[in-house]
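I have placed the structure first, in the form of structure tokens, so that the comments after it can refer back to it.
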Amino acid sequence: MMQKGITLRQWLPLLGITFSAFVFNTSEFMPIGLLTDIAGTFSLTEAQAGIMISVYAWAVMILSLPLMMAASRIEFKKLLLGVIALFSLGQFLSAAAPSYLVLVLARLVVASAHAVFWSIAAVCASRLVDVRHSSLAVSMVATGTSIAMIFGLPIGRAIGLLVGWRMTFTIVGAVAAAIVLYLMACFPKMSAGEPFTLRQLPSLLKNRVLMGIYATTMLFATGYYTGYSYIEPFLQQVGGMSDSLITLMLTVFGIAGLVGSVAMTRFYDRRRALFLAGSCAGVAAGLLLMRLTASAPVVFGVACAVWGMFATTFSIAYQSEIIRCCDKDSSTVAMSIFSGIFNLGIGSGTALGGAVVSGVGIGFIGFVGGAIALGSLLLSVLTVLRPLAAAGAPAAGSRDA
């Protein structure tokens with residue numbers, strides 16, 4: 001049933017952005033589910049192959065702000081179509097890569113598109129609807145991420161096991177090309193607003209709540225991906241699980257993320273503090289329980305559900321707060337910095353997880369990641385929740401924090 005107040009003309013492009021988020025995150029998560037297969041193709045260890053995930057994430061971190069500032073003059077529809085088309089090209093190049101180095105370079109093409117897409121996706125979605133429905137619109141984008149975890153990552157892994165990881169990248173590229181055609185037909189023209197310049201950056205960085213969100217995000221993403229980047233070999237080596245059971249666990253993770261997205265849509269405006277703090281606490285709990293529950297698939301599935309649900313609520317909650325606390329013209333750049341910082345955390349977490357795997361052993365990635373995620377909880381309370389409480393939480397739908 002359609003949400004009251006949102007028209008079909010608004011729903012169609014929202015669905016397009018949701019599917020775009022699905023393919024972008026499917027692509028980002030695919031190497032995690034296919035890490036063993038990719039490593040085997042190029043005669044690498046899982047830790048060595050995991051460097052590709054770090055390089056991708058660090059590239060997004062470095063490119064997000066400069067690319068978004070360079071693109072800030074481009075009308076949003078043209079920009080959105082352009083980055084999805086570039087993303088599609090990068091997938092086809094990845095599928096054809098004759099060596100690991102070429103695969104990493106092809107992934108950098110995808111990373112360039114990723115850097116801009118996640119700078120504008122939530123902003124575009126929120127501007128398609130009125131202010132009252134902006135949280136719902138942002139939740140739609142995050143739902144695409146959850147669906148990628150439910151179907152994209154497990155199906156991508158299943159395709160990789162059946163016909164190889166190259167075909168998985170090819171299919172993602174084809175789906176992205178189809179989405180370009182869909183959005184050409186239904187996405188409205190949307191002004192990019194006033195171009196953002198470096199002179200405006202200091203004023204953005206003076207926003208205390210925004211700086212707290214950035215610091216929390218860095219720790220959260222680092223802790224999260226210290227464990228998540230190596231979840232497939234972890235479940236094989238520590239949990240002793242079969243390929244089909246690993247795919248099931250990844251599916252549970254994604255379904256829980258969808259549940260978290262639905263909960264955000266219904267309750268976030270009334271329970272902002274609960275979601276902001278709870279997302280950090282829930283992911284920390286999921287990470288810390290990895291080793292303790294690995295030998296009990298049912299219990300591990302419950303831990304995965306907690307982890308997956310709160311991972312999704314983090315993304316929605318903190319992006320929603322960025323949109324609330326920034327003005328219209330600076331929100332895309334603020335979101336690009338968020339994307340860059342999150343990906344810095346992904347790269348750092350993957351590198352740290354690789355060091356743990358090579359050092360003390362893969363069984364300890366959850367403990368290390370969980371400790372860092374607990375740090376993000378403390379930082380969120382001190383730098384995000386306390387300033388918001390002191391200023392008085394704005395009414396639902398307000399963009400002023």
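Numbering starts fresh at 1 for the residues of each chain in the structure tokens, the chains themselves are lettered A, B, ... in the order given, and ligands are numbered from 1 as they appear.
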
Could you give me, as a compact mmCIF listing (two decimals) with C-alpha atoms, in the first residue's frame, the residues within 6 Å of stretch 304-307 of chain A, counting only C-alpha atoms and dropping anything in the same chain fewer than 6 positions from it?
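Written output follows (part_14.txt):
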# COMPACT_ATOMS: atom_id res chain seq x y z
CA PHE A 253 21.92 -11.12 8.04
CA ALA A 256 17.35 -8.75 9.60
CA GLY A 282 23.72 -3.97 18.48
CA VAL A 283 26.58 -4.27 15.99
CA GLY A 286 26.95 -9.18 17.07

task: For A:Phe234, please output as an NGL selection string all residues within 10 Å (counting only C-alpha atoms; exclusion window: fewer than 3 positions along the same chain).
output: :A and (227-231 or 237-241 or 246 or 290-291 or 294 or 357 or 361-366)

field: Nearby residues (only C-alpha atoms) at most 6 Å from stretch 176-189 of chain A, same-chain spacing under 4 positions excluded, as a list of chain:residue names
entry: A:Pro13, A:Lys77, A:Leu81, A:Ser88

- request: Excluding stretch 36-47 of chain A and residues on its chain fewer than 6 positions from it, collect all residues at most 7 Å away from it, counting only C-alpha atoms, and give them as an MDAnalysis selection string.
  value: chainID A and resid 100 165 354

field: Test item: residues at most 12 Å from stretch 101-111 of chain A, only C-alpha atoms, excluding those fewer than 3 positions along its chain, as a PyMOL selection string
entry: chain A and resi 23-25+27-28+30-31+38-39+41-42+48-64+67+83-98+114-118+165-166+169+172-173+176+339-340+343

With C-alpha atoms retained, could you export that selection as a compact mmCIF listing (two decimals), in the first residue's frame?
# COMPACT_ATOMS: atom_id res chain seq x y z
CA VAL A 23 23.30 -3.09 -7.20
CA PHE A 24 25.90 -0.73 -5.74
CA ASN A 25 25.94 -2.59 -2.45
CA SER A 27 28.91 -5.02 -5.97
CA GLU A 28 30.60 -3.74 -2.82
CA MET A 30 30.31 -9.43 -3.53
CA PRO A 31 34.06 -9.80 -2.96
CA ILE A 38 38.74 -14.82 -6.10
CA ALA A 39 41.79 -15.64 -3.99
CA THR A 41 41.79 -17.71 -9.11
CA PHE A 42 44.87 -15.56 -8.59
CA GLN A 48 45.88 -10.87 0.34
CA ALA A 49 42.65 -10.89 -1.68
CA GLY A 50 41.01 -8.78 1.03
CA ILE A 51 43.38 -5.94 0.10
CA MET A 52 41.08 -5.35 -2.88
CA ILE A 53 38.25 -4.46 -0.48
CA SER A 54 40.52 -2.03 1.38
CA VAL A 55 41.78 -0.39 -1.82
CA TYR A 56 38.19 0.03 -3.06
CA ALA A 57 37.05 1.57 0.20
CA TRP A 58 40.05 3.88 0.50
CA ALA A 59 39.53 5.04 -3.09
CA VAL A 60 35.93 5.94 -2.29
CA MET A 61 37.17 7.79 0.81
CA ILE A 62 39.72 9.82 -1.17
CA LEU A 63 37.45 10.51 -4.14
CA SER A 64 34.13 11.28 -2.43
CA LEU A 67 34.41 14.30 -7.10
CA VAL A 83 27.53 7.49 -12.27
CA ILE A 84 25.35 4.38 -12.69
CA ALA A 85 26.55 4.03 -16.30
CA LEU A 86 30.19 4.32 -15.12
CA PHE A 87 29.45 1.76 -12.43
CA SER A 88 28.10 -0.65 -15.07
CA LEU A 89 31.24 -0.22 -17.18
CA GLY A 90 33.41 -0.98 -14.15
CA GLN A 91 31.57 -4.25 -13.56
CA PHE A 92 32.20 -5.45 -17.09
CA LEU A 93 35.88 -4.50 -16.80
CA SER A 94 36.08 -6.43 -13.51
CA ALA A 95 34.56 -9.52 -15.12
CA ALA A 96 37.16 -9.46 -17.90
CA ALA A 97 40.21 -8.77 -15.66
CA PRO A 98 43.09 -11.09 -16.68
CA HIS A 114 30.37 4.67 -5.84
CA ALA A 115 31.94 7.82 -4.38
CA VAL A 116 29.48 10.10 -6.14
CA PHE A 117 26.42 7.84 -5.92
CA TRP A 118 26.46 7.61 -2.13
CA TRP A 165 32.88 -14.89 -9.85
CA ARG A 166 33.37 -13.31 -13.29
CA PHE A 169 30.22 -9.21 -11.98
CA VAL A 172 25.57 -6.91 -11.89
CA GLY A 173 26.83 -4.77 -14.79
CA ALA A 176 22.96 -1.57 -13.64
CA SER A 339 30.54 8.31 2.56
CA GLY A 340 34.28 8.94 2.48
CA ASN A 343 34.69 3.89 3.44

- request: Go through A:Val384, A:Val368, A:Ile32, A:Leu250 one by one, measure the shortest atom-to-atom distance of each to A:Leu287 using only C-alpha atoms, and give the residue with the smallest value.
  value: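 Residue with the minimum atom-to-atom distance to A:Leu287: A:Val368.
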
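Computed from the coordinates, the atom CA of A:Met140 to atom CA of A:Val299 distance equals 29.4 Å.
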
message: Could you list, as a ChimeraX atom specification, every residue within 12 Å of A:Leu14, counting only C-alpha atoms and ignoring same-chain residues fewer than 2 positions away?
response: /A:6-12,16-21,121-129,133-134,136-144,182-183,186-188

With N, CA and C atoms kept, could you save the residues just selected as a tab-separated table (two decimals), in the first residue's frame?
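Wrote it out as part.tsv, contents follow:
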chain	number	residue	atom	x	y	z
A	6	ILE	N	2.48	10.32	-0.71
A	6	ILE	CA	3.50	10.07	-1.73
A	6	ILE	C	2.81	9.56	-2.98
A	7	THR	N	3.04	10.23	-4.09
A	7	THR	CA	2.36	9.89	-5.34
A	7	THR	C	3.14	8.84	-6.12
A	8	LEU	N	2.47	8.27	-7.13
A	8	LEU	CA	3.12	7.29	-7.99
A	8	LEU	C	4.33	7.91	-8.68
A	9	ARG	N	4.21	9.16	-9.07
A	9	ARG	CA	5.31	9.84	-9.75
A	9	ARG	C	6.54	9.95	-8.84
A	10	GLN	N	6.32	10.00	-7.53
A	10	GLN	CA	7.43	10.02	-6.57
A	10	GLN	C	7.94	8.61	-6.26
A	11	TRP	N	7.00	7.65	-6.20
A	11	TRP	CA	7.39	6.28	-5.88
A	11	TRP	C	8.29	5.67	-6.96
A	12	LEU	N	8.01	5.95	-8.22
A	12	LEU	CA	8.77	5.32	-9.30
A	12	LEU	C	10.26	5.65	-9.24
A	16	GLY	N	13.63	3.37	-8.22
A	16	GLY	CA	14.84	3.33	-9.03
A	16	GLY	C	16.09	3.54	-8.20
A	17	ILE	N	16.04	4.50	-7.26
A	17	ILE	CA	17.19	4.73	-6.39
A	17	ILE	C	17.40	3.52	-5.47
A	18	THR	N	16.29	2.93	-5.02
A	18	THR	CA	16.40	1.73	-4.17
A	18	THR	C	17.10	0.60	-4.91
A	19	PHE	N	16.71	0.36	-6.16
A	19	PHE	CA	17.37	-0.69	-6.95
A	19	PHE	C	18.82	-0.33	-7.25
A	20	SER	N	19.09	0.96	-7.44
A	20	SER	CA	20.47	1.38	-7.64
A	20	SER	C	21.30	1.08	-6.40
A	21	ALA	N	20.76	1.39	-5.22
A	21	ALA	CA	21.45	1.08	-3.98
A	21	ALA	C	21.70	-0.43	-3.87
A	121	ALA	N	22.67	9.90	-3.22
A	121	ALA	CA	21.52	9.00	-3.21
A	121	ALA	C	20.48	9.40	-2.16
A	122	ALA	N	20.90	9.53	-0.91
A	122	ALA	CA	19.96	9.88	0.15
A	122	ALA	C	19.38	11.27	-0.04
A	123	VAL	N	20.21	12.20	-0.52
A	123	VAL	CA	19.74	13.57	-0.75
A	123	VAL	C	18.70	13.59	-1.86
A	124	CYS	N	18.98	12.89	-2.96
A	124	CYS	CA	18.01	12.81	-4.06
A	124	CYS	C	16.70	12.21	-3.58
A	125	ALA	N	16.79	11.12	-2.82
A	125	ALA	CA	15.59	10.45	-2.33
A	125	ALA	C	14.77	11.39	-1.45
A	126	SER	N	15.43	12.10	-0.54
A	126	SER	CA	14.70	12.99	0.38
A	126	SER	C	14.07	14.17	-0.36
A	127	ARG	N	14.69	14.60	-1.46
A	127	ARG	CA	14.15	15.74	-2.20
A	127	ARG	C	13.04	15.35	-3.17
A	128	LEU	N	12.86	14.05	-3.39
A	128	LEU	CA	11.74	13.60	-4.22
A	128	LEU	C	10.40	13.74	-3.51
A	129	VAL	N	10.44	13.82	-2.17
A	129	VAL	CA	9.22	13.89	-1.36
A	129	VAL	C	9.25	15.14	-0.50
A	133	HIS	N	8.15	13.18	4.76
A	133	HIS	CA	8.44	11.82	4.32
A	133	HIS	C	9.92	11.59	4.03
A	134	SER	N	10.80	12.53	4.45
A	134	SER	CA	12.21	12.38	4.11
A	134	SER	C	12.84	11.17	4.78
A	136	LEU	N	11.37	8.36	5.46
A	136	LEU	CA	10.91	7.22	4.68
A	136	LEU	C	11.74	7.08	3.41
A	137	ALA	N	12.00	8.22	2.75
A	137	ALA	CA	12.77	8.18	1.50
A	137	ALA	C	14.19	7.67	1.74
A	138	VAL	N	14.83	8.17	2.81
A	138	VAL	CA	16.18	7.70	3.14
A	138	VAL	C	16.14	6.21	3.49
A	139	SER	N	15.08	5.80	4.18
A	139	SER	CA	14.92	4.39	4.53
A	139	SER	C	14.80	3.52	3.29
A	140	MET	N	14.17	4.05	2.24
A	140	MET	CA	14.07	3.30	0.98
A	140	MET	C	15.46	3.00	0.42
A	141	VAL	N	16.34	4.00	0.47
A	141	VAL	CA	17.70	3.79	-0.03
A	141	VAL	C	18.39	2.71	0.79
A	142	ALA	N	18.24	2.78	2.11
A	142	ALA	CA	18.85	1.76	2.98
A	142	ALA	C	18.23	0.39	2.75
A	143	THR	N	16.95	0.36	2.36
A	143	THR	CA	16.31	-0.92	2.06
A	143	THR	C	17.00	-1.61	0.89
A	144	GLY	N	17.46	-0.80	-0.08
A	144	GLY	CA	18.23	-1.38	-1.18
A	144	GLY	C	19.47	-2.10	-0.68
A	182	TYR	N	15.76	2.68	-16.98
A	182	TYR	CA	14.55	2.91	-16.17
A	182	TYR	C	14.53	4.34	-15.62
A	183	LEU	N	15.66	4.78	-15.05
A	183	LEU	CA	15.70	6.12	-14.45
A	183	LEU	C	15.63	7.21	-15.51
A	186	CYS	N	11.86	7.81	-15.73
A	186	CYS	CA	10.98	8.23	-14.63
A	186	CYS	C	11.59	9.24	-13.66
A	187	PHE	N	12.90	9.45	-13.69
A	187	PHE	CA	13.48	10.36	-12.70
A	187	PHE	C	13.32	11.80	-13.17
A	188	PRO	N	12.81	12.69	-12.31
A	188	PRO	CA	12.59	14.07	-12.73
A	188	PRO	C	13.88	14.88	-12.75

Atom-to-atom span, atom CA of A:Glu232 and atom CA of A:Gly33, Å: 6.0 Å

- request: May I have the residues within 10 Å of A:Leu276 as a list in words, using only C-alpha atoms and disregarding those fewer than 3 positions away in the same chain?
  value: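 Here the answer would be Ile213, Tyr268, Arg271, Arg272, Ala273, Ser279, Cys280, Ala281, Phe310, Thr313, Phe314, Ser315, Ile316, Ala317, Tyr318, Glu321, Leu377, Ser380, Val381, Val384 and Leu385 of chain A.
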
field: Atomic separation - atom CA of A:Val262 relative to atom CA of A:Ala148, Å
entry: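 Taking atom CA of A:Ala148 and atom CA of A:Val262, their separation equals 15.3 Å.
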